[in-house]
Each structure stands twice: as structure tokens, then as C-alpha cells.
>>> print(open('start-v5.cif').read())   # mmCIF, C-alpha atoms and all ligand atoms
data_query
loop_
_atom_site.label_atom_id
_atom_site.label_comp_id
_atom_site.auth_asym_id
_atom_site.auth_seq_id
_atom_site.Cartn_x
_atom_site.Cartn_y
_atom_site.Cartn_z
CA MET A 8 77.42 156.63 -51.79
CA LYS A 9 76.49 153.20 -50.43
CA ARG A 10 77.52 149.95 -52.07
CA PHE A 11 75.53 148.54 -54.97
CA LYS A 12 73.39 145.54 -54.06
CA GLU A 13 74.36 142.20 -55.62
CA ILE A 14 70.75 140.99 -55.72
CA ILE A 15 67.47 142.92 -55.77
CA LYS A 16 64.31 140.86 -55.35
CA GLY A 17 60.97 141.87 -56.87
CA GLN A 18 57.56 140.22 -56.76
CA ARG A 19 58.07 138.27 -59.99
CA ILE A 20 61.63 138.97 -61.10
CA VAL A 21 65.06 139.02 -59.47
CA LEU A 22 67.88 141.38 -60.53
CA LYS A 23 71.36 139.92 -60.18
CA ARG A 24 74.51 141.94 -60.74
CA ASN A 25 76.28 140.84 -63.93
CA LYS A 26 79.65 139.59 -62.75
CA PRO A 27 82.46 138.84 -65.22
CA LYS A 28 81.93 135.07 -65.32
CA ILE A 29 81.87 132.70 -68.31
CA LYS A 30 78.48 131.29 -67.19
CA ILE A 31 76.92 134.76 -67.23
CA ALA A 32 78.59 135.79 -70.52
CA LYS A 33 77.15 132.62 -72.09
CA LYS A 34 73.59 133.46 -70.97
CA ILE A 35 73.89 137.07 -72.14
CA PHE A 36 75.36 136.11 -75.50
CA GLU A 37 72.73 133.40 -76.16
CA THR A 38 69.93 135.85 -75.35
CA ILE A 39 71.40 138.54 -77.64
CA ASN A 40 72.01 135.98 -80.38
CA THR A 41 68.36 134.86 -80.40
CA ASN A 42 67.05 138.45 -80.25
CA ARG A 43 69.09 140.22 -82.91
CA LYS A 44 66.20 141.48 -85.01
CA HIS A 45 64.40 142.73 -81.90
CA LEU A 46 67.44 144.59 -80.50
CA ARG A 47 69.15 145.79 -83.69
CA PRO A 48 67.14 148.93 -84.46
CA TRP A 49 67.66 150.42 -81.00
CA LEU A 50 70.93 149.09 -79.57
CA GLU A 51 73.99 149.65 -81.74
CA TRP A 52 76.19 147.29 -79.68
CA GLU A 53 74.17 144.29 -80.94
CA LYS A 54 76.14 144.15 -84.18
CA ASN A 55 79.46 144.13 -82.28
CA THR A 56 78.43 141.22 -80.05
CA LEU A 57 79.40 138.38 -82.35
CA ARG A 58 80.79 135.74 -80.01
CA GLU A 59 80.53 134.64 -76.38
CA GLU A 60 83.98 136.17 -75.81
CA ASP A 61 82.61 139.61 -76.77
CA SER A 62 80.09 139.35 -73.93
CA LEU A 63 82.79 138.18 -71.50
CA LYS A 64 85.11 141.02 -72.52
CA TYR A 65 82.22 143.44 -72.06
CA LEU A 66 81.57 142.09 -68.54
CA PHE A 67 85.26 142.55 -67.59
CA ASN A 68 85.24 146.15 -68.88
CA GLU A 69 82.02 146.82 -66.95
CA GLU A 70 83.52 145.39 -63.76
CA GLU A 71 86.26 148.06 -63.82
CA LYS A 72 83.62 150.80 -64.12
CA THR A 73 81.48 149.21 -61.40
CA LYS A 74 84.51 149.20 -59.06
CA LYS A 75 84.84 152.95 -59.73
CA ARG A 76 81.06 153.23 -59.09
CA GLU A 77 80.44 154.75 -62.53
CA LYS A 78 77.99 152.13 -63.72
CA ILE A 79 76.39 148.80 -62.91
CA GLN A 80 74.48 146.19 -64.89
CA TYR A 81 71.92 143.72 -63.59
CA GLY A 82 70.57 140.64 -65.32
CA ILE A 83 66.77 140.32 -65.15
CA TYR A 84 65.84 136.78 -64.05
CA LEU A 85 62.47 135.10 -64.16
CA LYS A 86 62.34 131.81 -62.23
CA ASN A 87 66.14 131.65 -62.50
CA LYS A 88 66.10 132.22 -66.28
CA TYR A 89 68.05 135.18 -67.66
CA ILE A 90 65.58 137.25 -69.73
CA GLY A 91 67.29 140.61 -70.22
CA ASN A 92 69.28 143.43 -68.75
CA ILE A 93 68.86 146.69 -66.88
CA GLY A 94 71.85 148.98 -66.41
CA ILE A 95 72.67 152.16 -64.55
CA PHE A 96 75.31 154.32 -66.20
CA ASP A 97 76.74 157.86 -66.23
CA ILE A 98 76.49 157.90 -62.44
CA ASP A 99 77.35 161.46 -61.42
CA LYS A 100 78.23 161.59 -57.73
CA ILE A 101 78.39 165.39 -57.60
CA ASN A 102 75.04 166.07 -59.25
CA LYS A 103 73.55 162.86 -57.83
CA SER A 104 72.17 161.72 -61.14
CA ALA A 105 72.31 158.66 -63.39
CA GLU A 106 70.82 157.17 -66.54
CA ILE A 107 69.02 153.85 -66.88
CA GLY A 108 68.90 151.58 -69.94
CA TYR A 109 67.10 148.26 -70.48
CA TRP A 110 66.34 145.47 -72.91
CA LEU A 111 64.37 142.27 -72.68
CA SER A 112 64.22 139.02 -74.65
CA HIS A 113 61.35 139.41 -77.13
CA GLU A 114 59.39 136.37 -75.90
CA PHE A 115 59.06 137.92 -72.43
CA THR A 116 58.02 141.43 -73.52
CA ARG A 117 54.59 142.98 -72.83
CA ASN A 118 54.36 141.37 -69.38
CA GLY A 119 55.44 144.38 -67.34
CA TYR A 120 58.83 142.85 -66.43
CA THR A 121 60.82 145.92 -67.54
CA THR A 122 58.42 148.15 -65.62
CA GLU A 123 59.02 146.01 -62.53
CA ALA A 124 62.81 146.09 -63.03
CA LEU A 125 62.81 149.87 -63.51
CA LYS A 126 60.79 150.41 -60.33
CA LEU A 127 63.17 148.20 -58.33
CA ILE A 128 66.27 149.99 -59.63
CA GLU A 129 64.70 153.40 -59.16
CA LYS A 130 63.88 152.69 -55.48
CA GLU A 131 67.46 151.56 -54.96
CA LEU A 132 68.93 154.67 -56.62
CA PHE A 133 66.75 157.21 -54.81
CA TYR A 134 66.41 155.64 -51.40
CA SER A 135 69.50 153.52 -50.89
CA LEU A 136 72.17 155.27 -52.97
CA GLY A 137 70.82 158.82 -52.44
CA LEU A 138 70.51 159.99 -56.05
CA ASN A 139 68.27 162.93 -56.96
CA ARG A 140 67.66 162.49 -60.71
CA ILE A 141 67.26 159.54 -63.07
CA GLN A 142 67.22 159.92 -66.84
CA ILE A 143 66.01 157.60 -69.59
CA LYS A 144 66.84 158.26 -73.24
CA CYS A 145 65.47 156.53 -76.33
CA ASP A 146 65.07 156.93 -80.05
CA GLU A 147 62.02 159.00 -81.00
CA LYS A 148 60.49 155.99 -82.78
CA ASN A 149 61.16 153.49 -79.97
CA ILE A 150 57.54 153.22 -78.80
CA ALA A 151 58.13 150.34 -76.36
CA SER A 152 61.00 152.09 -74.56
CA SER A 153 59.25 155.44 -74.32
CA PHE A 154 56.06 153.74 -73.06
CA VAL A 155 58.00 152.08 -70.24
CA ALA A 156 59.29 155.51 -69.16
CA LYS A 157 55.81 157.05 -69.40
CA LYS A 158 54.15 154.15 -67.58
CA CYS A 159 56.61 154.61 -64.72
CA ASN A 160 55.74 158.34 -64.58
CA TYR A 161 58.97 159.71 -66.00
CA LYS A 162 58.50 163.24 -67.28
CA PHE A 163 59.16 164.01 -70.93
CA GLU A 164 61.83 166.74 -70.93
CA GLY A 165 62.47 167.21 -74.59
CA MET A 166 64.07 165.93 -77.73
CA LEU A 167 67.66 166.09 -78.92
CA ARG A 168 67.42 166.77 -82.63
CA GLN A 169 69.42 164.39 -84.84
CA ASN A 170 72.03 163.82 -82.11
CA ASN A 171 72.53 160.17 -83.01
CA TYR A 172 73.63 158.59 -86.27
CA SER A 173 71.99 155.18 -86.60
CA TYR A 174 73.82 152.64 -88.77
CA HIS A 175 70.63 150.56 -88.78
CA PHE A 176 68.41 153.31 -90.16
CA LYS A 177 71.29 154.97 -92.02
CA ALA A 178 70.12 158.36 -90.81
CA PHE A 179 70.51 160.92 -88.07
CA ARG A 180 67.90 160.24 -85.40
CA ASN A 181 66.13 162.25 -82.73
CA THR A 182 66.44 161.17 -79.09
CA LEU A 183 63.74 161.61 -76.43
CA ILE A 184 64.70 162.40 -72.84
CA PHE A 185 62.59 161.44 -69.83
CA SER A 186 63.45 162.03 -66.19
CA LYS A 187 62.29 161.48 -62.64
CA LEU A 188 63.40 163.38 -59.55
CA LYS A 189 63.38 162.00 -56.03
CA SER A 190 60.82 164.67 -55.16
CA ASP A 191 58.50 163.34 -57.93
CA THR A 192 58.24 160.05 -56.02
CA LYS A 193 56.66 161.78 -53.02
CA LYS A 194 53.86 163.40 -54.99
C1 LIG B 1 61.73 148.40 -74.41
C2 LIG B 1 61.51 147.04 -73.79
C3 LIG B 1 62.65 146.76 -72.80
C4 LIG B 1 60.14 147.04 -73.06
O1 LIG B 1 60.05 145.86 -72.33
P1 LIG B 1 58.68 145.24 -71.78
O2 LIG B 1 59.06 144.31 -70.66
O3 LIG B 1 57.88 144.70 -72.88
O4 LIG B 1 57.93 146.50 -71.18
P2 LIG B 1 56.67 146.42 -70.21
O5 LIG B 1 55.96 145.10 -70.42
O6 LIG B 1 57.11 146.76 -68.83
O7 LIG B 1 55.76 147.55 -70.83
C5 LIG B 1 55.43 148.76 -70.19
C6 LIG B 1 54.39 149.49 -71.03
O8 LIG B 1 54.95 149.85 -72.27
C7 LIG B 1 54.02 149.62 -73.33
N1 LIG B 1 54.67 148.82 -74.37
C8 LIG B 1 55.68 147.94 -74.23
N2 LIG B 1 56.04 147.47 -75.43
C9 LIG B 1 55.25 148.08 -76.33
C10 LIG B 1 55.14 148.01 -77.74
N3 LIG B 1 55.95 147.22 -78.46
N4 LIG B 1 54.20 148.77 -78.34
C11 LIG B 1 53.38 149.57 -77.64
N5 LIG B 1 53.44 149.69 -76.28
C12 LIG B 1 54.36 148.95 -75.66
C13 LIG B 1 52.83 148.95 -72.77
O9 LIG B 1 51.81 149.92 -72.79
C14 LIG B 1 53.17 148.62 -71.35
O10 LIG B 1 52.14 149.00 -70.52
P3 LIG B 1 50.94 147.95 -70.17
O11 LIG B 1 51.61 146.85 -69.42
O12 LIG B 1 50.03 148.77 -69.35
O13 LIG B 1 50.37 147.50 -71.46
C15 LIG B 1 61.50 145.91 -74.86
O14 LIG B 1 60.49 146.19 -75.81
C16 LIG B 1 62.82 145.77 -75.59
O15 LIG B 1 63.70 145.05 -75.13
N6 LIG B 1 63.00 146.45 -76.75
C17 LIG B 1 64.21 146.35 -77.55
C18 LIG B 1 65.40 146.98 -76.86
C19 LIG B 1 65.17 148.43 -76.54
O16 LIG B 1 64.57 149.16 -77.30
N7 LIG B 1 65.67 148.86 -75.38
C20 LIG B 1 65.57 150.25 -74.98
C21 LIG B 1 66.59 151.08 -75.65
S1 LIG B 1 66.39 152.80 -75.26
#
>>> encode(input="start-v5.cif", output="C-alpha cells", more="lines below")
Ligand SMILES: CC(C)(COP(=O)(O)OP(=O)(O)OC[C@H]1O[C@@H](n2cnc3c(N)ncnc32)[C@H](O)[C@@H]1OP(=O)(O)O)[C@@H](O)C(=O)NCCC(=O)NCCS
Amino acid sequence: MKRFKEIIKGQRIVLKRNKPKIKIAKKIFETINTNRKHLRPWLEWEKNTLREEDSLKYLFNEEEKTKKREKIQYGIYLKNKYIGNIGIFDIDKINKSAEIGYWLSHEFTRNGYTTEALKLIEKELFYSLGLNRIQIKCDEKNIASSFVAKKCNYKFEGMLRQNNYSYHFKAFRNTLIFSKLKSDTKK
């Protein structure tokens, strides 16, 4: 497997690898802190990110996993402003598969930025790092997330019934699974 890129440039956005630096932790924390209501229903880690140090600690933990090539997180930047995150995790070198997750600051949503980020990451995973399958999972009721997957032509594979207990909804929730294969990109 090739090395992860530090920077991936798109037409409107730039993806920069989240390094464990105070400056980056500050930007991430501030963005989470001003988007709590928007993130809370879908991302359980929001409630555990209470201080800037939590974001820095998270970045250090991620760095260890990135060194082992298990996962990698990129900040999504618009004109040098941090507006959200896209991450690749559960990288399986034997089965050549991985999962992608994303979130964006509410004020920048509905502009196609996540779609652009997903397409950039996908190209990198299939054509530079040689993966065969990418998966996206989201809560059954997360319309925005599932629409991003559908818009980018990910195939709906099925639903995991009540596999996730949500502290926000105080209920067991269903999870949708979407995927794309390298061969799908040639059709
Ligand atoms: C999910 C999320 C990242 C989408 O980001 P985004 O940048 O707004 O997505 P895009 O602008 O690329 O939208 C792609 C398509 O999804 C659809 N869409 C996005 N948000 C939607 C919403 N709230 N309701 C209905 N459709 C929506 C649109 O149809 C859009 O297509 P269009 O451009 O042709 O209209 C953002 O809503 C978010 O951060 N949500 C909270 C965190 C989260 O749920 N993360 C995913 C966890 S699995």
C-alpha cells in the first residue's frame, strides 16, 4: 500500500491530513463546539469532546493508527478555513477495503462540499492506494448522510437491525450500509 497523501486538492476544497498539532486541535474543537446540535444526533463522540485538549488527545491517538496505516483523517478546508472532516477507517489491507465517515460545519452544508471531499478520497483509495471496496454506514434516519452516499452512486447493501444504541435517541437504531467497488467506477 502506498503512502497516504498529506494534501489532496479539489476544485473548491482542499483536504489536509489532520496532524497532532495544537493549532489543528483548536480549529477542530471550535468547529465541534459551534455545531453541537447539528452533530449530536449522529456522532456519539460529540458529547465526549468537551475541551480543546480532548481534540488534541484524539489527534495523537489517530496519529498512532495512521502510522500503522489503519486509518487517516483529513480536515476539509475552504479558502484556508477548516469546515469539517472526512476520515478513512477500518482499512483492511488483506481484503482491500475501508470505511469512510464525514461531517461538515452546518453553515457550509448543502453546497456539495462533502460530495466533493468523498469523490477526492474515493479516487485516492481506489487508484492510488489500490483498495477494492469502500463502505459508508449511517443511521437509518440520517437523510443528509445517506443522500451523500446515494448522490455519489454508492449502492445500498442493506440494513443492520438495531445494531447501535443511541444515547441521544435513547433507543436501539438501525444502520444503513452503502458500498462502492472499484469496478463500479468503470461502469
Ligand atoms: C452529512 C453531511 C456531512 C452532508 O454534508 P453536505 O456537505 O451538506 O452534503 P452535500 O452538500 O455534498 O449533499 C449531497 C446531497 O445530499 C443531499 N442532502 C444533503 N443534506 C441534506 C439534508 N439535510 N436533507 C436532504 N438532503 C440532503 C442533497 O440532495 C445533496 O444533493 P444536491 O447537491 O444535488 O442537492 C452534513 O449534513 C453533516 O455534517 N451532518 C451531521 C454529521 C453527520 O451526520 N455525519 C455523517 C454521519 S454517518
>>> atom_distance(input="start-v5.cif", atom1="CA of Glu77 in chain A", atom2="CA of Leu125 in chain A")
18.3 Å
>>> residues_around(input="start-v5.cif", residues="range 58-71 of chain A", least_positions_apart="3", cutoff="7 Å", atoms="only C-alpha atoms", output="compact mmCIF listing (two decimals) with C-alpha atoms, in the coordinates of the input")
# COMPACT_ATOMS: atom_id res chain seq x y z
CA LYS A 26 79.65 139.59 -62.75
CA PRO A 27 82.46 138.84 -65.22
CA LYS A 28 81.93 135.07 -65.32
CA ILE A 29 81.87 132.70 -68.31
CA ALA A 32 78.59 135.79 -70.52
CA LYS A 33 77.15 132.62 -72.09
CA ILE A 35 73.89 137.07 -72.14
CA PHE A 36 75.36 136.11 -75.50
CA LYS A 74 84.51 149.20 -59.06
CA LYS A 75 84.84 152.95 -59.73
>>> residues_near_ligand(input="start-v5.cif", ligand="ligand LIG 1 (chain B)", cutoff="8 Å", atoms="only C-alpha atoms and all ligand atoms", output="MDAnalysis selection string")
chainID A and resid 45:50 91 108:113 115:123 143:146 149:158
>>> write_last_selection(input="start-v5.cif", atoms="C-alpha atoms", output="mmCIF file, keeping the file's coordinate frame")
data_model
loop_
_atom_site.group_PDB
_atom_site.id
_atom_site.type_symbol
_atom_site.label_atom_id
_atom_site.label_comp_id
_atom_site.auth_asym_id
_atom_site.auth_seq_id
_atom_site.Cartn_x
_atom_site.Cartn_y
_atom_site.Cartn_z
ATOM 1 C CA HIS A 45 64.400 142.730 -81.900
ATOM 2 C CA LEU A 46 67.440 144.590 -80.500
ATOM 3 C CA ARG A 47 69.150 145.790 -83.690
ATOM 4 C CA PRO A 48 67.140 148.930 -84.460
ATOM 5 C CA TRP A 49 67.660 150.420 -81.000
ATOM 6 C CA LEU A 50 70.930 149.090 -79.570
ATOM 7 C CA GLY A 91 67.290 140.610 -70.220
ATOM 8 C CA GLY A 108 68.900 151.580 -69.940
ATOM 9 C CA TYR A 109 67.100 148.260 -70.480
ATOM 10 C CA TRP A 110 66.340 145.470 -72.910
ATOM 11 C CA LEU A 111 64.370 142.270 -72.680
ATOM 12 C CA SER A 112 64.220 139.020 -74.650
ATOM 13 C CA HIS A 113 61.350 139.410 -77.130
ATOM 14 C CA PHE A 115 59.060 137.920 -72.430
ATOM 15 C CA THR A 116 58.020 141.430 -73.520
ATOM 16 C CA ARG A 117 54.590 142.980 -72.830
ATOM 17 C CA ASN A 118 54.360 141.370 -69.380
ATOM 18 C CA GLY A 119 55.440 144.380 -67.340
ATOM 19 C CA TYR A 120 58.830 142.850 -66.430
ATOM 20 C CA THR A 121 60.820 145.920 -67.540
ATOM 21 C CA THR A 122 58.420 148.150 -65.620
ATOM 22 C CA GLU A 123 59.020 146.010 -62.530
ATOM 23 C CA ILE A 143 66.010 157.600 -69.590
ATOM 24 C CA LYS A 144 66.840 158.260 -73.240
ATOM 25 C CA CYS A 145 65.470 156.530 -76.330
ATOM 26 C CA ASP A 146 65.070 156.930 -80.050
ATOM 27 C CA ASN A 149 61.160 153.490 -79.970
ATOM 28 C CA ILE A 150 57.540 153.220 -78.800
ATOM 29 C CA ALA A 151 58.130 150.340 -76.360
ATOM 30 C CA SER A 152 61.000 152.090 -74.560
ATOM 31 C CA SER A 153 59.250 155.440 -74.320
ATOM 32 C CA PHE A 154 56.060 153.740 -73.060
ATOM 33 C CA VAL A 155 58.000 152.080 -70.240
ATOM 34 C CA ALA A 156 59.290 155.510 -69.160
ATOM 35 C CA LYS A 157 55.810 157.050 -69.400
ATOM 36 C CA LYS A 158 54.150 154.150 -67.580
#
>>> residues_around(input="start-v5.cif", residues="range 9-24 of chain A", least_positions_apart="6", cutoff="6 Å", atoms="all atoms listed in the file", output="ChimeraX atom specification")
/A:80-85,136
>>> atom_distance(input="start-v5.cif", atom1="CA of Ala105 in chain A", atom2="CA of Leu138 in chain A")
7.7 Å
>>> atom_distance(input="start-v5.cif", atom1="CA of Thr182 in chain A", atom2="CA of Glu129 in chain A")
21.5 Å
>>> closest_residue(input="start-v5.cif", among="A:Gly165, A:Lys177, A:Tyr172, A:Leu132", to="Thr192 in chain A", atoms="only C-alpha atoms")
A:Leu132
>>> closest_residue(input="start-v5.cif", among="A:Lys148, A:Arg43, A:Lys162, A:Lys86", to="Leu57 in chain A", atoms="all atoms listed in the file")
A:Arg43
>>> residues_near_point(input="start-v5.cif", point="(69.6, 167.3, -85.2)", cutoff="10 Å", atoms="all atoms listed in the file", output="JSON, numbers by chain")
{"A": [166, 167, 168, 169, 170, 171, 172, 179, 180, 181, 182]}
>>> write_last_selection(input="start-v5.cif", atoms="C-alpha atoms", output="short mmCIF file (atom, residue, chain, number, x, y, z; two decimals), in the coordinates of the input")
data_model
loop_
_atom_site.label_atom_id
_atom_site.label_comp_id
_atom_site.auth_asym_id
_atom_site.auth_seq_id
_atom_site.Cartn_x
_atom_site.Cartn_y
_atom_site.Cartn_z
CA MET A 166 64.07 165.93 -77.73
CA LEU A 167 67.66 166.09 -78.92
CA ARG A 168 67.42 166.77 -82.63
CA GLN A 169 69.42 164.39 -84.84
CA ASN A 170 72.03 163.82 -82.11
CA ASN A 171 72.53 160.17 -83.01
CA TYR A 172 73.63 158.59 -86.27
CA PHE A 179 70.51 160.92 -88.07
CA ARG A 180 67.90 160.24 -85.40
CA ASN A 181 66.13 162.25 -82.73
CA THR A 182 66.44 161.17 -79.09
#
>>> closest_residue(input="start-v5.cif", among="A:Tyr134, A:Phe96, A:Tyr89, A:Tyr161", to="Thr38 in chain A", atoms="all atoms listed in the file")
A:Tyr89
>>> closest_residue(input="start-v5.cif", among="A:Ile141, A:Met8, A:Ala178, A:Ile39", to="Arg76 in chain A", atoms="only C-alpha atoms")
A:Met8
>>> build_atoms(input="start-v5.cif", residues="range 87-99 of chain A", atoms="N, CA and C atoms", output="tab-separated table (two decimals), in the coordinates of the input")
chain	number	residue	atom	x	y	z
A	87	ASN	N	64.73	132.04	-62.26
A	87	ASN	CA	66.14	131.65	-62.50
A	87	ASN	C	66.58	131.67	-63.96
A	88	LYS	N	65.71	132.12	-64.86
A	88	LYS	CA	66.10	132.22	-66.28
A	88	LYS	C	66.46	133.66	-66.59
A	89	TYR	N	67.62	133.85	-67.24
A	89	TYR	CA	68.05	135.18	-67.66
A	89	TYR	C	67.16	135.64	-68.82
A	90	ILE	N	66.49	136.80	-68.65
A	90	ILE	CA	65.58	137.25	-69.73
A	90	ILE	C	65.91	138.64	-70.28
A	91	GLY	N	66.92	139.28	-69.70
A	91	GLY	CA	67.29	140.61	-70.22
A	91	GLY	C	68.17	141.36	-69.24
A	92	ASN	N	68.30	142.63	-69.49
A	92	ASN	CA	69.28	143.43	-68.75
A	92	ASN	C	68.74	144.80	-68.38
A	93	ILE	N	69.15	145.28	-67.22
A	93	ILE	CA	68.86	146.69	-66.88
A	93	ILE	C	70.15	147.27	-66.31
A	94	GLY	N	70.56	148.42	-66.81
A	94	GLY	CA	71.85	148.98	-66.41
A	94	GLY	C	71.72	150.43	-65.96
A	95	ILE	N	72.59	150.78	-65.02
A	95	ILE	CA	72.67	152.16	-64.55
A	95	ILE	C	74.03	152.68	-65.02
A	96	PHE	N	74.03	153.79	-65.72
A	96	PHE	CA	75.31	154.32	-66.20
A	96	PHE	C	75.35	155.84	-66.07
A	97	ASP	N	76.51	156.41	-66.41
A	97	ASP	CA	76.74	157.86	-66.23
A	97	ASP	C	76.37	158.30	-64.82
A	98	ILE	N	76.78	157.53	-63.83
A	98	ILE	CA	76.49	157.90	-62.44
A	98	ILE	C	77.35	159.12	-62.08
A	99	ASP	N	76.68	160.20	-61.72
A	99	ASP	CA	77.35	161.46	-61.42
A	99	ASP	C	77.20	161.72	-59.93
